[in-house]
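Undergrad: Structure in structure tokens, see below.
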Amino acid sequence: MAKKMWGGRFKEEIDPDFWQFSGSLDCDKVLLEYDIKGSIAHVKMLSKCNIIPKKEAASIEKALSAMLKDYQQGKLKIDPNAEDVHTAVLIALSKRIGKQADYLHTARSRNDLVVLDLKMYCKDNLKSIIVLLTKLQVALAGFAKKYIDVVMPGYTHTQHAVPILVSHQILAYVNMLDRDKQRLESAYERVDEMPLGSCAMAGTGLAIDREYVAKLLGFSKVSANSIDAVASRDFVIEILSTLSILAMHMSRICQDLIFYSCSDLGFLDIAENYCTGSSIMPQKKNPDSLELIRATAAKIYADLISVLVMMKGLPISYNRDMQFDKKPLFNSIKDTSYCLKILAGIFKTIKVNREKIESALASDDTIYAVDIADYLVRKGIPFHQAHNLVGRIISYAENKKKKLSELSINELKKFTKIFAEDIFKVFNAKRSVMLKKSMGSTNPLLVRQQIAKWEKKLRA
Ligand code: ARG
């Protein structure tokens with residue numbers, strides 16, 4: 001059993017099963033770098049404020065810096081039996097400088113230290129997720145630009161609705177993801193509060209300088225209430241809920257790609273790099289990458305729910321239950337990073353099959369039903385009546401086993417005299433999107449403007 005950071009008052013040895021069960025090093029070793037960096041800032045402050053002897057402080061700082069360097073080079077050895085990452089750092093420090101190391105854990109407790117490490121981890125990882133998210137948006141905008149001329153069937157209820165630009169739908173994804181980015185940026189602001197010096201829960205009687213530590217570690221402010229600082233994990237929950245929404249968005253995007261690339265539609269072709277085969281069916285090229293991203297949303301929701309439930313009803317302030325906030329957070333961050341990277345790769349390599357899209361459009365000209373109704377509206381018929389008329393025409397054509405575009409002008413005129421030869425221009429997908437006028441619509445000019453806007457914004 002490794003050295004503990006407590007134990008003076010205990011006469012009995014800890015139960016070995018409980019010791020194994022309660023240790024968190026396997027999980028919280030992810031925080032090692034932050035624990036060392038936080039400790040360096042802390043010891044600098046203790047020295048500056050004359051709380052510990054300068055000589056010992058300098059030797060602690062030097063040893064911690066060497067440990068950090070070793071860690072970054074993958075050479076730092078830590079005791080695998082340490083209770084947690086904080087203990088592991090202290091044990092490693094003691095191995096290097098002996099008893100002098102004991103000065104480090106002054107005016108701090110693991111309760112505030114764990115929040116410090118976690119917040120540093122969150123700040124770094126929020127930043128890298130925002131970068132990955134932006135890269136995905138860039139890949140999407142690039143795809144939208146490349147295929148700006150492709151019109152495809154738009155779907156509601158997975159049924160043909162109206163013709164849309166492929167790029168318009170891709171920009172829908174860019175917009176959704178941008179709100180995720182805003183939520184992550186907003187969460188960052190609340191994470192950005194330095195908790196160290198809150199100690200167990202009430203602060204310390206020693207004259208520390210928390211603002212100095214915050215400055216050294218790049219926090220914009222210090223936490224205002226020591227109890228809140230050690231007791232709260234809403235910053236973890238907020239990140240997980242934001243990641244849940246992001247995962248839900250990625251899951252829907254993946255479902256769309258799975259649908260459009262299915263054997264029967266074949267609008268899209270997912271690159272082989274992101275597919276796998278079947279062990280029995282030699283012909284198979286399955287979009288497993290998309291399916292796994294689609295399923296990752298479930299894992300991230302579960303991570304969110306597990307922290308929400310763990311925190312529910314916990315008395316203020318710190319409770320050991322809160323140790324279980326880390327695994328869900330770390331897993332969700334890791335999963336999200338993979339999904340963002342893979343999805344960006346998929347969009348960079350995906351191919352659009354124009355012929356398949358064109359034949360899908362040609363196979364079903366009821367997709368122009370709204371365009372026909374709009375034609376009648378432009379000629380003065382109230383929309384409700386136009387809707388009803390077009391519905392009756394569709395039913396008539398179905399009975400006659402004809403496509404709408406195969407009806408003669410005389411057949412159409414039986415429904416209303418307003419129809420003229422120009423109605424047949426309606427059966428054209430490119431024209432259909434061109435006729436869209438409203439802001440935010442699928443009109444190619446507007447979509448081009450949107451692509452330019454996003455390109456500019458994403459470059460910034
Ligand atoms: N490993 C704990 C956690 O992650 C921190 C240790 C605090 N332990 C304690 N007994 N106060 O929350």
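Residues in the structure tokens are numbered from 1 in each chain, the chains being A, B, ... in the order shown, and ligands are numbered from 1 in the order shown.
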Each residue of chain A lying at most 9 Å from ligand 1 should get a row with its shortest atom-to-atom pair and the distance in Å to one decimal, counting only C-alpha atoms and all ligand atoms; could you produce that, ordered by chain and increasing number, as CSV?
TA:
```
residue,atom,partner,partner_atom_place_in_ligand_line,distance
A:Trp6,CA,ligand 1,10 (N),8.9
A:Ser22,CA,ligand 1,1 (N),8.3
A:Gly23,CA,ligand 1,1 (N),7.4
A:Ser24,CA,ligand 1,1 (N),5.9
A:Leu25,CA,ligand 1,1 (N),8.1
A:Asp28,CA,ligand 1,4 (O),7.3
A:Glu83,CA,ligand 1,1 (N),7.7
A:Asp84,CA,ligand 1,1 (N),5.7
A:Val85,CA,ligand 1,1 (N),7.6
A:His86,CA,ligand 1,5 (C),7.9
A:Ser109,CA,ligand 1,11 (N),7.5
A:Arg110,CA,ligand 1,7 (C),4.7
A:Asn111,CA,ligand 1,7 (C),5.0
A:Asp112,CA,ligand 1,7 (C),8.4
A:Leu113,CA,ligand 1,5 (C),7.8
A:Val114,CA,ligand 1,5 (C),5.6
A:Val115,CA,ligand 1,12 (O),8.0
A:Ala200,CA,ligand 1,11 (N),7.4
A:Tyr318,CA,ligand 1,11 (N),7.1
A:Asn319,CA,ligand 1,11 (N),7.1
A:Arg320,CA,ligand 1,12 (O),5.6
A:Asp321,CA,ligand 1,12 (O),7.2
A:Met322,CA,ligand 1,12 (O),5.1
A:Gln323,CA,ligand 1,12 (O),3.5
A:Phe324,CA,ligand 1,4 (O),6.9
A:Asp325,CA,ligand 1,4 (O),7.6
A:Lys326,CA,ligand 1,4 (O),7.1
```
Undergrad: Among the residues of region 209-424 of chain A, find those DSSP assigns to alpha helix (DSSP H) from the backbone and print them as a PyMOL selection string.
TA: chain A and resi 210-217+226-231+234-260+288-311+326-349+354-363+369-378+383-399+409-413
Undergrad: If you count only C-alpha atoms, which residues fall within 12 Å of Ala420 (chain A), apart from same-chain ones fewer than 4 positions away, as number ranges by chain?
TA: A: 372, 375-376, 379, 408-416, 424-426
Undergrad: Please, which residues in region 33-136 of chain A fall within 12 Å of region 328-335 of chain A when counting only C-alpha atoms, and what is the closest atom pair and distance in Å to one decimal for each, ordered by chain then residue number, as CSV?
TA:
```
residue,atom,partner,partner_atom,distance
A:Leu118,CA,A:Leu329,CA,9.6
A:Lys119,CA,A:Leu329,CA,11.5
A:Tyr121,CA,A:Phe330,CA,9.3
A:Cys122,CA,A:Leu329,CA,9.0
A:Lys123,CA,A:Ile333,CA,11.7
A:Asp124,CA,A:Ile333,CA,10.9
A:Asn125,CA,A:Ile333,CA,7.3
A:Leu126,CA,A:Ile333,CA,8.5
A:Lys127,CA,A:Ile333,CA,11.3
A:Ser128,CA,A:Ile333,CA,9.8
A:Ile129,CA,A:Ile333,CA,7.9
A:Ile130,CA,A:Ile333,CA,11.4
A:Leu132,CA,A:Ile333,CA,11.6
```
Undergrad: Name all residues at most 10 Å from Glu355 (chain A) (count only C-alpha atoms; drop same-chain ones fewer than 6 positions away) and give them as an mmCIF file with N, CA and C atoms, in the first residue's frame.
TA:
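Saved file part_9.cif follows:
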```
data_model
loop_
_atom_site.group_PDB
_atom_site.id
_atom_site.type_symbol
_atom_site.label_atom_id
_atom_site.label_comp_id
_atom_site.auth_asym_id
_atom_site.auth_seq_id
_atom_site.Cartn_x
_atom_site.Cartn_y
_atom_site.Cartn_z
ATOM 1 N N GLY A 266 -28.336 5.796 -52.587
ATOM 2 C CA GLY A 266 -26.997 5.968 -53.177
ATOM 3 C C GLY A 266 -26.662 7.390 -53.589
ATOM 4 N N PHE A 267 -27.258 8.381 -52.932
ATOM 5 C CA PHE A 267 -26.938 9.790 -53.255
ATOM 6 C C PHE A 267 -25.474 10.088 -52.918
ATOM 7 N N LEU A 361 -35.110 12.498 -58.203
ATOM 8 C CA LEU A 361 -35.986 13.656 -58.448
ATOM 9 C C LEU A 361 -36.941 13.366 -59.604
#
```
Undergrad: If we count only C-alpha atoms, what is near Leu90 (chain A) at a cut-off of 12 Å, once residues fewer than 4 positions away on the same chain are taken out, given as a VMD selection string?
TA: chain A and resid 2 to 5 32 35 to 36 39 60 63 to 64 67 78 to 79 82 to 86 94 to 105 110
Undergrad: With N, CA and C atoms retained, export the selected residues as a CSV table (one decimal), in the first residue's frame.
TA:
```
chain,number,residue,atom,x,y,z
A,2,ALA,N,0.6,2.2,-0.9
A,2,ALA,CA,1.4,3.4,-1.0
A,2,ALA,C,1.1,4.3,0.2
A,3,LYS,N,2.0,5.3,0.3
A,3,LYS,CA,1.9,6.3,1.4
A,3,LYS,C,0.6,7.1,1.1
A,4,LYS,N,-0.1,7.4,2.2
A,4,LYS,CA,-1.4,8.2,2.1
A,4,LYS,C,-1.2,9.6,2.5
A,5,MET,N,-2.1,10.5,2.2
A,5,MET,CA,-2.0,11.9,2.6
A,5,MET,C,-2.7,12.1,3.9
A,32,LEU,N,-2.7,14.5,-14.2
A,32,LEU,CA,-1.3,14.6,-13.6
A,32,LEU,C,-0.6,15.9,-14.0
A,35,ASP,N,-2.1,18.8,-12.1
A,35,ASP,CA,-1.8,18.7,-10.7
A,35,ASP,C,-0.4,19.3,-10.4
A,36,ILE,N,0.5,18.9,-11.3
A,36,ILE,CA,1.9,19.4,-11.2
A,36,ILE,C,2.0,20.9,-11.5
A,39,SER,N,0.5,22.8,-8.7
A,39,SER,CA,1.3,22.8,-7.5
A,39,SER,C,2.5,23.7,-7.7
A,60,ILE,N,11.2,22.7,-4.0
A,60,ILE,CA,10.0,22.0,-4.5
A,60,ILE,C,9.6,22.4,-5.9
A,63,ALA,N,11.9,20.7,-8.4
A,63,ALA,CA,11.6,19.3,-8.5
A,63,ALA,C,10.3,19.1,-9.3
A,64,LEU,N,9.3,20.0,-9.0
A,64,LEU,CA,8.1,19.8,-9.8
A,64,LEU,C,8.3,20.2,-11.2
A,67,MET,N,9.7,17.3,-12.8
A,67,MET,CA,8.7,16.2,-12.9
A,67,MET,C,7.8,16.5,-14.1
A,78,ILE,N,5.2,7.2,-11.7
A,78,ILE,CA,4.4,7.4,-10.5
A,78,ILE,C,4.0,6.1,-9.9
A,79,ASP,N,3.8,6.2,-8.6
A,79,ASP,CA,3.5,4.9,-7.8
A,79,ASP,C,2.1,4.5,-8.2
A,82,ALA,N,-0.7,4.6,-5.5
A,82,ALA,CA,-1.1,5.8,-4.8
A,82,ALA,C,-2.6,5.9,-4.9
A,83,GLU,N,-3.2,6.6,-3.8
A,83,GLU,CA,-4.6,6.6,-3.7
A,83,GLU,C,-5.3,7.4,-4.9
A,84,ASP,N,-4.6,8.5,-5.2
A,84,ASP,CA,-5.2,9.3,-6.3
A,84,ASP,C,-4.0,10.1,-6.9
A,85,VAL,N,-4.3,10.9,-7.9
A,85,VAL,CA,-3.3,11.6,-8.6
A,85,VAL,C,-2.6,12.6,-7.7
A,86,HIS,N,-3.3,13.3,-6.8
A,86,HIS,CA,-2.7,14.3,-5.9
A,86,HIS,C,-1.7,13.6,-5.0
A,94,SER,N,8.3,13.6,-3.0
A,94,SER,CA,9.1,13.2,-1.8
A,94,SER,C,10.3,12.3,-2.2
A,95,LYS,N,10.0,11.5,-3.2
A,95,LYS,CA,11.1,10.6,-3.7
A,95,LYS,C,12.3,11.5,-4.2
A,96,ARG,N,12.0,12.6,-4.8
A,96,ARG,CA,13.1,13.5,-5.3
A,96,ARG,C,13.7,14.3,-4.2
A,97,ILE,N,12.9,14.9,-3.3
A,97,ILE,CA,13.5,15.9,-2.4
A,97,ILE,C,13.3,15.6,-0.9
A,98,GLY,N,12.7,14.4,-0.7
A,98,GLY,CA,12.6,14.0,0.7
A,98,GLY,C,11.6,14.9,1.5
A,99,LYS,N,11.9,15.1,2.8
A,99,LYS,CA,10.9,15.7,3.7
A,99,LYS,C,10.5,17.2,3.3
A,100,GLN,N,11.4,17.8,2.5
A,100,GLN,CA,11.1,19.2,2.1
A,100,GLN,C,9.7,19.2,1.4
A,101,ALA,N,9.4,18.1,0.7
A,101,ALA,CA,8.1,18.0,-0.1
A,101,ALA,C,6.9,18.3,0.8
A,102,ASP,N,7.0,18.0,2.1
A,102,ASP,CA,5.9,18.2,3.0
A,102,ASP,C,5.4,19.6,3.1
A,103,TYR,N,6.2,20.6,2.6
A,103,TYR,CA,5.7,22.0,2.7
A,103,TYR,C,4.7,22.3,1.6
A,104,LEU,N,4.6,21.5,0.6
A,104,LEU,CA,3.8,21.8,-0.5
A,104,LEU,C,2.3,21.9,-0.2
A,105,HIS,N,1.8,20.9,0.6
A,105,HIS,CA,0.4,20.8,0.8
A,105,HIS,C,0.0,21.7,2.0
A,110,ARG,N,-7.3,18.4,-0.8
A,110,ARG,CA,-7.6,17.7,-2.0
A,110,ARG,C,-8.9,18.2,-2.6
```
Undergrad: With distances taken over only C-alpha atoms, which of A:Leu404, A:Val390, A:Val370, A:Val150 is nearest to Lys436 (chain A)?
TA: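 Checking each of A:Leu404, A:Val390, A:Val370, A:Val150 against Lys436 (chain A), counting only C-alpha atoms, the winner is A:Val370.
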Undergrad: Can you tell me, as a list in words, what residues are no more than 9 Å from region 201-211 of chain A when counting only C-alpha atoms, ignoring any on the same chain fewer than 5 positions away?
TA: His42, Met45, Leu46, Lys48, Cys49, Asn50, Ile51, Thr106, Ala107, Arg108, Ser109, Asn111, Asp112, Met194, Pro195, Leu196, Leu216, Phe219, Lys221, Val222, Asn225, Ser226, Ile227, Asp228, Ala229, Val230, Ala231, Ser317 and Tyr318 of chain A
Undergrad: Point out the residue among A:His157, A:Lys348, A:Lys400, A:Lys44 with the least atom-to-atom distance to Ala141 (chain A), counting only C-alpha atoms.
TA: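 Once distances to Ala141 (chain A) are computed over only C-alpha atoms, the minimum belongs to A:Lys348.
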Undergrad: With only C-alpha atoms as the counted atoms, please give the residues lying no more than 12 Å from Lys453 (chain A), apart from itself and same-chain residues fewer than 5 positions off, as a ChimeraX atom specification.
TA: /A:138,141,145,171,174-175,446-448,458-460
Undergrad: Next, dump the selected residues to file, keeping only N, CA and C atoms, as a PDB file, in the first residue's frame.
TA:
```
ATOM      1  N   VAL A 138     -15.555  23.755 -41.065  1.00  0.00           N
ATOM      2  CA  VAL A 138     -14.788  24.110 -42.273  1.00  0.00           C
ATOM      3  C   VAL A 138     -14.957  23.010 -43.330  1.00  0.00           C
ATOM      4  N   ALA A 141     -18.430  23.399 -44.782  1.00  0.00           N
ATOM      5  CA  ALA A 141     -18.546  24.550 -45.684  1.00  0.00           C
ATOM      6  C   ALA A 141     -17.843  24.245 -47.011  1.00  0.00           C
ATOM      7  N   LYS A 145     -19.619  24.152 -50.682  1.00  0.00           N
ATOM      8  CA  LYS A 145     -19.143  24.962 -51.804  1.00  0.00           C
ATOM      9  C   LYS A 145     -18.912  24.070 -53.033  1.00  0.00           C
ATOM     10  N   LEU A 171     -25.398  23.399 -44.775  1.00  0.00           N
ATOM     11  CA  LEU A 171     -25.286  24.612 -43.950  1.00  0.00           C
ATOM     12  C   LEU A 171     -26.205  24.553 -42.730  1.00  0.00           C
ATOM     13  N   VAL A 174     -23.985  23.233 -40.272  1.00  0.00           N
ATOM     14  CA  VAL A 174     -23.006  24.237 -39.811  1.00  0.00           C
ATOM     15  C   VAL A 174     -23.660  25.134 -38.751  1.00  0.00           C
ATOM     16  N   ASN A 175     -24.904  25.518 -38.996  1.00  0.00           N
ATOM     17  CA  ASN A 175     -25.617  26.368 -38.030  1.00  0.00           C
ATOM     18  C   ASN A 175     -25.837  25.651 -36.701  1.00  0.00           C
ATOM     19  N   LEU A 446     -28.756  32.944 -52.268  1.00  0.00           N
ATOM     20  CA  LEU A 446     -28.699  33.116 -50.810  1.00  0.00           C
ATOM     21  C   LEU A 446     -27.760  32.089 -50.172  1.00  0.00           C
ATOM     22  N   VAL A 447     -27.806  30.858 -50.684  1.00  0.00           N
ATOM     23  CA  VAL A 447     -26.944  29.815 -50.115  1.00  0.00           C
ATOM     24  C   VAL A 447     -25.472  30.151 -50.380  1.00  0.00           C
ATOM     25  N   ARG A 448     -25.190  30.648 -51.595  1.00  0.00           N
ATOM     26  CA  ARG A 448     -23.818  31.084 -51.891  1.00  0.00           C
ATOM     27  C   ARG A 448     -23.362  32.167 -50.901  1.00  0.00           C
ATOM     28  N   LEU A 458     -15.433  31.388 -40.240  1.00  0.00           N
ATOM     29  CA  LEU A 458     -14.644  30.247 -39.754  1.00  0.00           C
ATOM     30  C   LEU A 458     -13.147  30.503 -39.894  1.00  0.00           C
ATOM     31  N   ARG A 459     -12.796  31.323 -40.853  1.00  0.00           N
ATOM     32  CA  ARG A 459     -11.373  31.665 -41.020  1.00  0.00           C
ATOM     33  C   ARG A 459     -10.901  32.539 -39.847  1.00  0.00           C
ATOM     34  N   ALA A 460     -11.809  33.365 -39.340  1.00  0.00           N
ATOM     35  CA  ALA A 460     -11.441  34.347 -38.295  1.00  0.00           C
ATOM     36  C   ALA A 460     -10.996  33.663 -36.999  1.00  0.00           C
TER      37      ALA A 460
END
```
Undergrad: One decimal, in Å: what's the spacing between CA of Gly142 (chain A) and CA of Ile357 (chain A)?
TA: 19.9 Å
Undergrad: From a backbone DSSP assignment, name each residue in region 188-371 of chain A labelled strand (DSSP E or B), as number ranges by chain.
TA: A: 193-194, 221-222, 268-269, 276, 286, 351-352
Undergrad: Tell me which of A:Val89, A:Lys356, A:Met311, A:Lys37 sits closest to Cys262 (chain A), counting only C-alpha atoms.
TA: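 Checking each candidate against Cys262 (chain A), we get A:Lys356 as the closest.
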Undergrad: Report, in Å to a single decimal, how far apart CA of Leu68 (chain A) and CA of Leu116 (chain A) are.
TA: 16.8 Å
